[in-house]
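Engineer: My structure is in run_34.cif, and what it holds is mmCIF, C-alpha atoms and all ligand atoms:
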data_coords
#
loop_
_atom_site.label_atom_id
_atom_site.label_comp_id
_atom_site.auth_asym_id
_atom_site.auth_seq_id
_atom_site.Cartn_x
_atom_site.Cartn_y
_atom_site.Cartn_z
CA MET A 64 -39.82 -25.32 59.63
CA LYS A 65 -42.82 -24.37 61.75
CA LYS A 66 -43.29 -28.03 62.70
CA GLN A 67 -39.62 -28.24 63.73
CA ARG A 68 -39.97 -25.10 65.84
CA ASN A 69 -43.02 -26.66 67.46
CA ILE A 70 -40.99 -29.76 68.31
CA MET A 71 -38.44 -27.55 70.11
CA VAL A 72 -41.22 -25.83 72.05
CA GLN A 73 -42.83 -29.20 72.89
CA PHE A 74 -39.47 -30.59 74.02
CA THR A 75 -38.86 -27.58 76.27
CA LEU A 76 -42.35 -27.71 77.74
CA ILE A 77 -42.34 -31.47 78.35
CA THR A 78 -38.88 -31.39 79.93
CA PHE A 79 -39.78 -28.37 82.04
CA ILE A 80 -43.03 -29.90 83.29
CA THR A 81 -41.35 -33.28 83.93
CA VAL A 82 -38.56 -31.64 85.93
CA LEU A 83 -41.11 -29.62 87.86
CA VAL A 84 -43.31 -32.64 88.65
CA VAL A 85 -40.35 -34.90 89.54
CA SER A 86 -38.81 -32.17 91.66
CA PHE A 87 -42.06 -31.51 93.50
CA GLY A 88 -42.89 -35.22 93.91
CA LEU A 89 -39.41 -36.19 95.06
CA GLY A 90 -39.22 -33.17 97.36
CA GLU A 91 -42.56 -34.06 98.89
CA PHE A 92 -41.61 -37.73 99.22
CA LEU A 93 -38.27 -37.00 100.87
CA ALA A 94 -39.80 -34.33 103.11
CA ARG A 95 -42.39 -36.86 104.27
CA ARG A 96 -39.68 -39.43 104.98
CA ILE A 97 -37.70 -36.84 106.93
CA ARG A 98 -40.79 -35.92 108.95
CA GLU A 99 -41.51 -39.56 109.70
CA ASN A 100 -37.89 -40.15 110.76
CA LEU A 101 -37.98 -37.10 113.02
CA ILE A 102 -41.26 -38.22 114.57
CA ASN A 103 -40.03 -41.79 115.02
CA THR A 104 -36.92 -40.52 116.76
CA HIS A 105 -39.07 -38.48 119.12
CA ILE A 106 -41.43 -41.37 119.76
CA GLU A 107 -38.53 -43.60 120.66
CA LEU A 108 -36.67 -41.09 122.80
CA LEU A 109 -39.35 -39.22 124.73
CA PRO A 110 -40.91 -42.19 126.58
CA ARG A 111 -37.44 -43.31 127.73
CA ILE A 112 -36.54 -39.83 128.92
CA VAL A 113 -39.84 -39.59 130.79
CA GLN A 114 -39.31 -42.98 132.44
CA TYR A 115 -35.72 -42.15 133.50
CA ALA A 116 -36.73 -38.73 134.77
CA ALA A 117 -39.65 -40.22 136.75
CA GLU A 118 -37.30 -42.68 138.44
CA ASP A 119 -35.18 -39.73 139.57
CA HIS A 120 -38.23 -38.24 141.35
CA PRO A 121 -39.61 -40.76 143.90
CA ASP A 122 -42.23 -38.20 144.98
CA PHE A 123 -43.82 -38.60 141.58
CA TYR A 124 -44.85 -42.17 142.41
CA VAL A 125 -46.16 -41.07 145.80
CA PHE A 126 -48.23 -38.36 144.09
CA MET A 127 -49.64 -40.73 141.48
CA GLN A 128 -50.66 -43.30 144.09
CA SER A 129 -52.17 -40.87 146.64
CA TYR A 130 -54.02 -38.45 144.36
CA PRO A 131 -56.40 -36.72 145.09
CA GLU A 132 -55.61 -36.87 148.81
CA LEU A 133 -52.14 -35.48 148.22
CA GLY A 134 -51.24 -32.73 145.74
CA PRO A 135 -47.90 -32.62 143.87
CA SER A 136 -44.88 -31.64 145.91
CA THR A 137 -42.50 -28.91 144.70
CA ASP A 138 -40.14 -31.62 143.50
CA VAL A 139 -42.88 -33.25 141.44
CA GLU A 140 -43.89 -29.91 139.91
CA ASP A 141 -40.24 -29.19 139.11
CA PHE A 142 -40.14 -32.55 137.32
CA PHE A 143 -43.22 -31.66 135.28
CA TYR A 144 -41.97 -28.17 134.39
CA ASP A 145 -38.58 -29.59 133.45
CA LEU A 146 -40.38 -31.79 130.96
CA LEU A 147 -42.19 -28.76 129.58
CA THR A 148 -38.87 -27.05 128.83
CA PHE A 149 -37.53 -30.06 126.99
CA GLY A 150 -37.22 -29.76 123.21
CA SER A 151 -40.39 -28.51 121.61
CA ILE A 152 -42.78 -29.89 124.25
CA THR A 153 -45.54 -27.35 124.84
CA ARG A 154 -48.03 -29.18 126.99
CA LEU A 155 -48.05 -31.92 129.58
CA LYS A 156 -51.01 -33.91 130.87
CA VAL A 157 -50.55 -36.42 133.65
CA TRP A 158 -53.21 -39.13 133.65
CA ALA A 159 -54.12 -41.38 136.58
CA LYS A 160 -54.95 -44.96 135.65
CA ASP A 161 -58.69 -44.24 135.93
CA GLY A 162 -58.57 -41.57 133.20
CA THR A 163 -58.48 -38.53 135.48
CA ILE A 164 -56.03 -35.79 134.63
CA VAL A 165 -54.16 -35.23 137.86
CA TRP A 166 -51.82 -32.50 136.67
CA SER A 167 -51.39 -30.27 133.64
CA ASP A 168 -49.98 -26.87 132.83
CA GLU A 169 -53.49 -26.23 131.53
CA SER A 170 -55.18 -26.09 134.96
CA ALA A 171 -58.74 -25.99 133.58
CA ILE A 172 -58.75 -29.71 132.81
CA VAL A 173 -57.13 -30.91 136.07
CA GLY A 174 -59.47 -33.19 137.98
CA LYS A 175 -61.56 -34.05 134.94
CA ASN A 176 -61.97 -37.58 133.75
CA PHE A 177 -61.58 -38.56 130.08
CA SER A 178 -61.48 -42.31 130.48
CA ASP A 179 -63.32 -42.80 127.20
CA ASN A 180 -60.31 -41.41 125.28
CA THR A 181 -59.31 -44.37 123.13
CA LEU A 182 -55.66 -43.36 122.86
CA PHE A 183 -55.42 -43.12 126.64
CA ARG A 184 -57.10 -46.52 127.01
CA ARG A 185 -54.48 -48.08 124.77
CA ALA A 186 -51.68 -46.30 126.69
CA VAL A 187 -53.00 -47.44 130.06
CA GLY A 188 -52.81 -50.93 128.63
CA GLY A 189 -49.03 -50.46 128.36
CA GLU A 190 -48.70 -49.23 124.77
CA ILE A 191 -46.85 -46.10 123.70
CA VAL A 192 -49.45 -44.32 121.62
CA TYR A 193 -48.92 -41.34 119.37
CA SER A 194 -50.69 -39.28 116.83
CA TYR A 195 -49.25 -36.66 114.50
CA ARG A 196 -52.51 -35.52 113.15
CA PHE A 197 -53.85 -33.47 116.00
CA SER A 198 -57.18 -34.91 117.08
CA ARG A 199 -60.02 -32.74 118.24
CA LYS A 200 -60.88 -34.60 121.37
CA GLU A 201 -62.79 -33.03 124.22
CA GLU A 202 -59.68 -32.92 126.39
CA ASN A 203 -57.88 -30.95 123.66
CA ILE A 204 -60.13 -27.87 123.65
CA ALA A 205 -57.32 -25.76 125.13
CA GLU A 206 -54.94 -26.85 122.35
CA THR A 207 -57.25 -26.10 119.43
CA ASN A 208 -55.34 -23.02 118.37
CA LYS A 209 -51.88 -24.37 119.02
CA SER A 210 -49.72 -25.61 116.22
CA ILE A 211 -49.22 -29.10 117.50
CA ILE A 212 -47.96 -31.86 115.30
CA LEU A 213 -47.15 -34.70 117.71
CA GLU A 214 -49.06 -36.08 120.68
CA ILE A 215 -47.47 -38.94 122.68
CA TYR A 216 -49.08 -40.99 125.43
CA THR A 217 -46.31 -42.67 127.40
CA PRO A 218 -47.07 -45.16 130.17
CA VAL A 219 -44.92 -44.68 133.28
CA TYR A 220 -43.93 -47.61 135.49
CA LYS A 221 -42.70 -48.19 138.96
CA GLY A 222 -40.86 -51.42 138.49
CA ASN A 223 -43.34 -53.50 136.56
CA GLU A 224 -46.39 -51.68 137.79
CA LEU A 225 -47.96 -49.03 135.56
CA VAL A 226 -48.70 -45.96 137.69
CA GLY A 227 -50.13 -43.58 135.12
CA VAL A 228 -49.74 -42.03 131.67
CA LEU A 229 -47.89 -38.87 130.74
CA GLU A 230 -49.20 -37.20 127.66
CA LEU A 231 -46.78 -34.86 125.89
CA TYR A 232 -47.60 -32.49 123.10
CA GLU A 233 -44.93 -31.28 120.76
CA SER A 234 -45.31 -28.03 118.95
CA ASP A 235 -44.69 -28.26 115.24
CA SER A 236 -42.57 -25.12 115.27
CA GLN A 237 -39.25 -26.89 115.76
CA LEU A 238 -40.19 -29.95 113.76
CA TYR A 239 -41.68 -27.80 111.06
CA VAL A 240 -38.56 -25.66 110.73
CA ASN A 241 -36.45 -28.78 110.25
CA ILE A 242 -38.89 -30.30 107.81
CA GLN A 243 -39.18 -27.13 105.77
CA LYS A 244 -35.43 -26.64 105.71
CA ASN A 245 -34.94 -30.18 104.45
CA ARG A 246 -37.80 -29.90 101.97
CA ARG A 247 -36.37 -26.68 100.51
CA THR A 248 -32.90 -28.24 100.22
CA VAL A 249 -34.37 -31.27 98.47
CA TRP A 250 -36.39 -29.12 96.07
CA LEU A 251 -33.39 -26.97 95.27
CA LEU A 252 -31.16 -29.99 94.65
CA VAL A 253 -33.71 -31.80 92.52
CA THR A 254 -34.54 -28.64 90.55
CA ALA A 255 -30.84 -27.90 89.99
CA ALA A 256 -30.29 -31.50 88.83
CA GLY A 257 -33.37 -31.23 86.61
CA ALA A 258 -32.15 -27.95 85.12
CA ALA A 259 -28.73 -29.50 84.44
CA ILE A 260 -30.36 -32.50 82.77
CA TYR A 261 -32.63 -30.18 80.77
CA ILE A 262 -29.73 -28.01 79.56
CA SER A 263 -27.67 -31.10 78.56
CA LEU A 264 -30.64 -32.64 76.76
CA PHE A 265 -31.49 -29.32 75.12
CA LEU A 266 -27.94 -28.94 73.75
CA ILE A 267 -27.95 -32.50 72.38
CA PHE A 268 -31.46 -32.10 70.99
CA TYR A 269 -30.62 -28.73 69.45
CA LYS A 270 -27.59 -30.19 67.65
CA ILE A 271 -29.69 -33.06 66.33
CA TYR A 272 -32.40 -30.58 65.37
CA GLN A 273 -29.93 -28.40 63.44
CA PHE A 274 -28.49 -31.41 61.69
CA GLN A 275 -31.93 -32.74 60.86
CA LYS A 276 -33.04 -29.30 59.61
CA GLN A 277 -30.07 -29.11 57.25
CA THR A 278 -30.63 -32.69 56.06
CA SER A 279 -34.35 -32.01 55.48
CA LYS A 280 -33.52 -28.84 53.53
CA ARG A 281 -31.08 -30.75 51.32
CA LEU A 282 -33.53 -33.58 50.81
CA LEU A 283 -36.30 -31.16 49.84
CA GLN A 284 -34.00 -29.39 47.40
CA THR A 285 -32.98 -32.75 45.94
CA GLN A 286 -36.65 -33.65 45.65
CA ASP A 287 -37.43 -30.35 43.91
CA VAL A 288 -34.64 -30.70 41.36
CA THR A 289 -35.53 -34.35 40.73
CA ILE A 290 -39.14 -33.36 40.01
CA PHE A 291 -37.97 -30.55 37.77
CA ALA A 292 -35.55 -32.86 35.93
CA LEU A 293 -38.33 -35.38 35.41
CA ALA A 294 -40.77 -32.75 34.16
CA TYR A 295 -38.18 -30.98 32.04
CA GLN A 296 -37.24 -34.23 30.32
CA ALA A 297 -40.79 -34.47 28.98
CA GLU A 298 -40.84 -30.79 28.15
CA LEU A 299 -37.57 -31.02 26.21
CA ARG A 300 -39.07 -33.50 23.80
CA ASP A 301 -41.56 -30.88 22.69
CA ILE A 302 -40.78 -28.81 19.63
CA VAL A 303 -40.29 -25.63 21.59
CA THR A 304 -38.89 -25.53 25.08
CA GLY A 305 -38.90 -22.57 27.34
CA ARG A 306 -39.93 -21.52 30.79
CA HIS A 307 -43.43 -23.01 30.56
CA LEU A 308 -42.93 -25.10 33.72
CA GLU A 309 -41.75 -22.15 35.81
CA ARG A 310 -44.53 -19.84 34.63
CA THR A 311 -47.34 -22.35 35.05
CA SER A 312 -46.14 -23.11 38.62
CA MET A 313 -46.35 -19.39 39.37
CA TYR A 314 -49.82 -19.05 37.85
CA VAL A 315 -50.98 -22.06 39.86
CA LYS A 316 -49.68 -20.46 43.03
CA ILE A 317 -51.43 -17.15 42.29
CA LEU A 318 -54.77 -18.85 41.56
CA ALA A 319 -54.56 -21.09 44.64
CA GLU A 320 -53.72 -18.18 46.91
CA GLU A 321 -56.55 -16.13 45.46
CA LEU A 322 -59.03 -19.00 45.89
CA SER A 323 -57.87 -19.62 49.47
CA ARG A 324 -59.36 -16.23 50.36
CA ASP A 325 -62.75 -17.71 49.52
CA GLU A 326 -64.68 -19.16 52.49
CA LYS A 327 -65.46 -22.27 50.41
CA TYR A 328 -61.81 -23.20 49.78
CA ARG A 329 -60.10 -21.74 52.86
CA SER A 330 -59.90 -24.96 54.85
CA TYR A 331 -58.85 -27.00 51.83
CA LEU A 332 -56.27 -24.70 50.28
CA THR A 333 -53.91 -24.56 53.25
CA LYS A 334 -50.35 -23.28 53.01
CA ASP A 335 -49.03 -26.87 52.91
CA TYR A 336 -51.53 -27.85 50.22
CA ILE A 337 -50.58 -24.86 48.05
CA ASN A 338 -46.88 -25.74 48.44
CA ASP A 339 -47.59 -29.31 47.29
CA LEU A 340 -49.73 -28.02 44.45
CA VAL A 341 -46.96 -25.71 43.22
CA LYS A 342 -44.44 -28.54 43.53
CA SER A 343 -46.73 -30.84 41.51
CA ALA A 344 -47.53 -28.38 38.71
CA PRO A 345 -44.37 -28.98 36.60
CA LEU A 346 -45.30 -32.66 36.34
CA HIS A 347 -48.59 -32.02 34.52
CA ASP A 348 -47.27 -33.09 31.08
CA ILE A 349 -44.92 -35.84 32.29
CA GLY A 350 -46.90 -38.29 30.13
CA LYS A 351 -45.52 -36.68 26.99
CA VAL A 352 -42.48 -38.97 27.35
CA GLY A 353 -44.75 -41.67 25.90
CA VAL A 354 -45.94 -39.70 22.88
CA PRO A 355 -44.02 -40.36 19.62
CA ASP A 356 -41.51 -37.68 18.63
CA PHE A 357 -42.93 -37.17 15.15
CA ILE A 358 -46.20 -36.04 16.67
CA LEU A 359 -44.74 -34.01 19.52
CA ARG A 360 -42.27 -32.26 17.26
CA LYS A 361 -44.57 -31.75 14.31
CA PRO A 362 -44.38 -28.06 13.40
CA GLY A 363 -47.74 -27.89 11.65
CA LYS A 364 -51.32 -28.63 12.58
CA LEU A 365 -52.01 -32.13 13.96
CA THR A 366 -54.35 -34.59 12.29
CA VAL A 367 -57.27 -35.99 14.28
CA GLU A 368 -55.37 -39.26 14.82
CA GLU A 369 -52.25 -37.42 15.93
CA PHE A 370 -54.25 -35.35 18.38
CA GLU A 371 -55.77 -38.55 19.76
CA GLU A 372 -52.18 -39.75 20.39
CA ILE A 373 -51.32 -36.50 22.16
CA LYS A 374 -54.41 -36.85 24.35
CA LYS A 375 -53.01 -40.09 25.73
CA HIS A 376 -50.34 -38.14 27.65
CA SER A 377 -52.78 -37.60 30.57
CA GLN A 378 -53.27 -41.32 31.12
CA LEU A 379 -49.64 -42.17 30.40
CA GLY A 380 -48.49 -39.62 32.99
CA HIS A 381 -51.06 -40.92 35.43
CA LYS A 382 -49.73 -44.46 34.96
CA ILE A 383 -46.12 -43.38 35.54
CA MET A 384 -46.82 -41.37 38.68
CA THR A 385 -49.20 -43.94 40.15
CA LYS A 386 -46.43 -46.53 39.87
CA VAL A 387 -44.02 -44.12 41.57
CA GLU A 388 -46.53 -43.21 44.27
CA GLU A 389 -47.25 -46.86 45.08
CA ARG A 390 -43.65 -47.25 46.21
CA LEU A 391 -44.02 -44.60 48.90
CA THR A 392 -45.04 -45.64 52.39
CA PHE A 393 -46.45 -42.24 53.37
CA GLN A 394 -48.98 -39.75 52.08
CA SER A 395 -47.07 -37.48 49.69
CA PHE A 396 -47.67 -34.52 47.40
CA LEU A 397 -47.73 -37.01 44.52
CA LYS A 398 -51.44 -37.58 45.24
CA ILE A 399 -52.04 -34.00 44.04
CA ALA A 400 -49.60 -34.45 41.15
CA ILE A 401 -51.55 -37.51 40.00
CA GLN A 402 -54.83 -35.56 40.03
CA ILE A 403 -53.29 -32.75 37.99
CA ILE A 404 -51.62 -35.07 35.49
CA LEU A 405 -54.79 -37.05 34.82
CA SER A 406 -57.36 -34.26 34.79
CA HIS A 407 -55.74 -31.00 33.65
CA HIS A 408 -57.42 -31.33 30.23
CA GLU A 409 -60.90 -31.93 31.64
CA ARG A 410 -63.37 -29.11 30.99
CA TRP A 411 -65.98 -27.64 33.34
CA ASN A 412 -68.79 -28.47 30.84
CA GLY A 413 -67.66 -32.09 30.48
CA THR A 414 -66.18 -31.84 26.95
CA GLY A 415 -62.58 -32.41 28.03
CA TYR A 416 -60.49 -35.57 28.26
CA PRO A 417 -59.65 -38.27 29.23
CA ALA A 418 -62.75 -39.00 31.36
CA GLY A 419 -65.10 -36.21 30.29
CA LEU A 420 -65.57 -35.15 33.92
CA SER A 421 -67.55 -32.00 34.56
CA GLY A 422 -67.97 -29.34 37.25
CA GLU A 423 -66.67 -30.14 40.69
CA ASP A 424 -66.09 -33.79 39.74
CA ILE A 425 -62.86 -32.44 38.28
CA PRO A 426 -60.35 -32.15 41.16
CA LEU A 427 -59.74 -28.55 42.23
CA SER A 428 -56.00 -28.95 41.61
CA ALA A 429 -56.68 -29.91 37.98
CA ARG A 430 -59.14 -27.03 37.48
CA ILE A 431 -56.45 -24.62 38.69
CA MET A 432 -53.84 -26.23 36.42
CA ALA A 433 -56.16 -26.09 33.41
CA LEU A 434 -56.44 -22.31 33.47
CA ALA A 435 -52.74 -21.80 34.20
CA ASP A 436 -51.76 -24.16 31.35
CA VAL A 437 -54.10 -22.60 28.78
CA TYR A 438 -53.16 -19.01 29.66
CA ASP A 439 -49.49 -19.86 29.23
CA ALA A 440 -50.08 -21.70 25.94
CA LEU A 441 -51.98 -18.68 24.59
CA ARG A 442 -49.28 -16.25 25.69
CA THR A 443 -46.44 -18.23 24.12
CA GLU A 444 -45.35 -18.25 20.50
CA ARG A 445 -45.31 -21.64 18.77
CA PRO A 446 -44.29 -22.57 15.22
CA TYR A 447 -47.96 -23.05 14.43
CA LYS A 448 -49.29 -19.99 16.29
CA LYS A 449 -48.44 -16.42 17.11
CA ILE A 450 -48.30 -14.98 20.61
CA ILE A 451 -51.67 -13.82 21.90
CA PHE A 452 -51.56 -10.63 23.90
CA HIS A 453 -52.92 -10.46 27.42
CA GLU A 454 -56.08 -8.52 26.59
CA LYS A 455 -57.06 -11.09 23.97
CA CYS A 456 -56.21 -13.99 26.34
CA ARG A 457 -58.42 -12.31 28.92
CA GLU A 458 -61.30 -12.23 26.44
CA ILE A 459 -60.80 -15.88 25.52
CA ILE A 460 -60.71 -16.96 29.15
CA ILE A 461 -63.85 -14.96 29.98
CA SER A 462 -65.64 -16.50 26.99
CA GLU A 463 -64.75 -19.95 28.35
CA ARG A 464 -66.20 -19.17 31.80
CA GLY A 465 -68.46 -22.10 32.66
CA ARG A 466 -67.42 -23.89 29.43
CA HIS A 467 -63.75 -24.82 29.57
CA PHE A 468 -63.09 -23.26 32.97
CA ASP A 469 -64.60 -23.32 36.44
CA PRO A 470 -66.39 -19.92 36.72
CA ARG A 471 -64.81 -19.32 40.15
CA MET A 472 -61.39 -19.97 38.59
CA VAL A 473 -62.01 -17.30 35.95
CA ASP A 474 -63.02 -14.84 38.69
CA ALA A 475 -59.77 -15.60 40.54
CA PHE A 476 -57.83 -15.04 37.31
CA LEU A 477 -59.54 -11.70 36.72
CA SER A 478 -58.75 -10.61 40.30
CA ARG A 479 -55.06 -11.35 39.69
CA GLU A 480 -54.72 -10.75 35.93
CA THR A 481 -52.09 -8.03 36.48
CA ASP A 482 -49.86 -10.63 38.16
CA PHE A 483 -50.46 -13.08 35.31
CA ASN A 484 -49.49 -10.46 32.74
CA PHE A 485 -46.43 -9.45 34.78
CA ILE A 486 -45.17 -13.05 35.03
CA SER A 487 -45.81 -13.76 31.36
CA ARG A 488 -43.60 -10.78 30.46
CA LYS A 489 -40.90 -11.20 33.12
CA PHE A 490 -40.37 -14.92 32.43
CA MET A 491 -40.93 -14.78 28.68
CA ASP A 492 -39.24 -17.38 26.45
CA ASP A 493 -36.32 -16.14 24.36
CA HIS A 494 -37.96 -17.04 21.04
CA THR A 495 -41.17 -15.19 22.01
CA ALA A 496 -39.18 -12.12 23.04
CA SER A 497 -37.17 -12.04 19.82
CA SER A 498 -40.27 -12.28 17.65
CA LEU A 499 -41.84 -9.46 19.64
CA SER A 500 -38.85 -7.20 19.10
CA ASP A 501 -39.69 -7.36 15.41
CA VAL A 502 -43.08 -5.76 16.03
CA GLY A 503 -41.98 -3.43 18.83
CA SER A 504 -42.36 -3.93 22.58
CA THR A 505 -45.27 -1.48 22.90
CA ALA A 506 -47.40 -3.94 21.01
CA PHE A 507 -47.01 -6.39 23.92
CA SER A 508 -49.49 -5.68 26.65
FE FE Z 1 -51.13 -31.46 29.01
#
Could I get this structure in the form of structure tokens?
Ligand SMILES: [Fe+2]

Structural biologist:
Amino acid sequence: MKKQRNIMVQFTLITFITVLVVSFGLGEFLARRIRENLINTHIELLPRIVQYAAEDHPDFYVFMQSYPELGPSTDVEDFFYDLLTFGSITRLKVWAKDGTIVWSDESAIVGKNFSDNTLFRRAVGGEIVYSYRFSRKEENIAETNKSIILEIYTPVYKGNELVGVLELYESDSQLYVNIQKNRRTVWLLVTAAGAAIYISLFLIFYKIYQFQKQTSKRLLQTQDVTIFALAYQAELRDIVTGRHLERTSMYVKILAEELSRDEKYRSYLTKDYINDLVKSAPLHDIGKVGVPDFILRKPGKLTVEEFEEIKKHSQLGHKIMTKVEERLTFQSFLKIAIQIILSHHERWNGTGYPAGLSGEDIPLSARIMALADVYDALRTERPYKKIIFHEKCREIIISERGRHFDPRMVDAFLSRETDFNFISRKFMDDHTASSLSDVGSTAFS
């Protein structure tokens, strides 16, 4: 469930970030294209306007050819100031062919020569030159603090003869307003489209998620009942059936949770692991399906040979579940089930079966199962044995600390013995309860 919630969060985050990045990238890309289009339009239009305007002012040519002997007439200055009021033009520099600035609204540079300016040199060669990254040239000291985005050098001709270069500066204010307006519109549109896509995808994804959640729940339930049916089938063949499988699963859960508080087991006994462990517990005696009925159902004490037959249930169960597990293509809880089935009769001191493993060579899952299984067997009435009360079970388990049981397991049991006793009473088998009623319920503690 947590994983599924994480998928929803991941989906939301990924979609959100993607929309944000695409929106920003597309907005930036379109804004750049708009800026380039605007600039290109200006670069195409301004030189033509300048040329036409110059042809309307014959004095301009006289001024360009006679400078510095003759200053600009009123008509020529009107022409220049008219240009300065056009669009977003904020500065005008009129260059003679030798690189001298013969007129500008910035009077400080008039009369100075900047013939080494490379842009001017290209313009005086007949090329329309522009720059929209304002360059810090010496002749631009007066414009340092102005927000200029476009600088155009436009050659001016009289007939076919180049008479000079007019350099126009455009403030970015007008251009910038247009660009920003367009950029904002693009961002808004792309973000709105992204949000619409996100909402549509979210609705589809959410429906799929709900469907998948329900399917998973049903599958898990089916898996649980299948496991229980399988385990119960083996249990039914025994002489006495009851709620052994339910109780042992609960004891296993209590022990695992108690152990998970220990630094040593914390990283191993995760919530998922404990769930798998609890799910696996009912399968511990699945191998009993292969033990002959006359032995399993024998009411009296077993002979040595019969007990040897019973002991085979660990390996038989292991064989069954290994075959089942081999058919799976993913890592499943059956790995834990197989450990439990094979090793739940091993003993800490190495005297158990089938392999005679000892200590921590016995898988932790099987060590947990061993104590849960024995406690339940002691607490349950059988045709060949009476019920053993909790206090006595406690004594037996303590006496087997470091012998049958992992010492740490016994400690965990003692920490939670009240819960063990409670479960053994609450989920007692009917036949155990009826025999107890004969001796009085106060005797059961
Ligand atoms: Fe067993």

Engineer: Give me, as a PyMOL selection string, all polymer residues having an atom no more than 9 Å from segment 222-226 of chain A, counting all atoms listed in the file and skipping those fewer than 2 positions away in the same chain.

Structural biologist: chain A and resi 124+127-128+159-160+187-189+218-220+228

Engineer: Can you pull out the residues contacting segment 144-151 of chain A? Cut-off 6 Å, using only C-alpha atoms, and skip same-chain residues under 3 positions away; I want them as a ChimeraX atom specification.

Structural biologist: /A:141,233-234

Engineer: Pick the closest to ligand FE 1 (chain Z) from A:Ile450, A:Ala297, A:Val315, A:Met384: which is it, counting all atoms listed in the file?

Structural biologist: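 Result for the nearest residue to ligand FE 1 (chain Z): A:Ala297.
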
Engineer: Record the distance separating atom CA of Glu444 of chain A and atom CA of Glu321 of chain A, expressed in Å with one decimal.

Structural biologist: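 Result for atom CA of Glu444 of chain A versus atom CA of Glu321 of chain A: 27.4 Å, one decimal.
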
Engineer: Nearest to ligand FE 1 (chain Z) among A:Leu76, A:Leu405, A:Ile191, A:Ile431, with distances taken over only C-alpha atoms and all ligand atoms: which residue is it?

Structural biologist: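 The answer is A:Leu405, which sits nearest to ligand FE 1 (chain Z).
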
Engineer: Which chains and residue numbers are within 10 Å of ligand FE 1 (chain Z), counting all atoms listed in the file, if I want them as a PyMOL selection string?

Structural biologist: chain A and resi 346-351+373-377+380+403-408+432-433+436-437

Engineer: Pick out the closest residue to Glu371 of chain A from this set: A:Pro417, A:Ser330, A:Glu132, A:Ile399. Count only C-alpha atoms.

Structural biologist: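 Under the stated criterion, the closest residue is A:Pro417.
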
Engineer: List the neighbours of Ser343 of chain A out to 9 Å using only C-alpha atoms; skip same-chain residues closer than 5 positions along the sequence, and give me the result as a PyMOL selection string.

Structural biologist: chain A and resi 290+312+338+396-397+399-401+403-404

Engineer: Report, in Å with one decimal, the straight-line distance from atom CA of Asp138 of chain A to atom CA of Gly162 of chain A.

Structural biologist: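 Separation of atom CA of Asp138 of chain A and atom CA of Gly162 of chain A: 23.3 Å.
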
Engineer: Compare A:Lys327, A:Arg98, A:Lys175, A:Arg247 by their minimum atom-to-atom distance to Tyr195 of chain A, counting only C-alpha atoms, and give me the closest one.

Structural biologist: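 For Tyr195 of chain A, the nearest of the given residues is A:Arg98.
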
Engineer: Given all atoms listed in the file as the basis, pick out the residue of A:Phe79, A:Met71, A:Asn176, A:Leu93 nearest to Leu252 of chain A.

Structural biologist: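 Closest residue, counting all atoms listed in the file: A:Leu93.
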
Engineer: If I take atom CA of Ile260 of chain A and atom CA of Gln275 of chain A, how far is one from the other in Å, to one decimal?

Structural biologist: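 Going from atom CA of Ile260 of chain A over to atom CA of Gln275 of chain A, I get 22.0 Å.
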
Engineer: Report as a VMD selection string all protein, DNA and RNA residues lying within 12 Å of Phe468 of chain A, evaluated on all atoms listed in the file, omitting residues in the same chain fewer than 2 positions from it.

Structural biologist: chain A and resid 407 to 415 421 to 423 425 427 429 to 438 459 to 466 470 to 476

Engineer: Using only C-alpha atoms, pick whichever of A:Leu391, A:Leu293, A:Ile172, A:Ala186 has the shortest atom-to-atom distance to Glu230 of chain A.

Structural biologist: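 Once distances to Glu230 of chain A are computed over only C-alpha atoms, the minimum belongs to A:Ala186.
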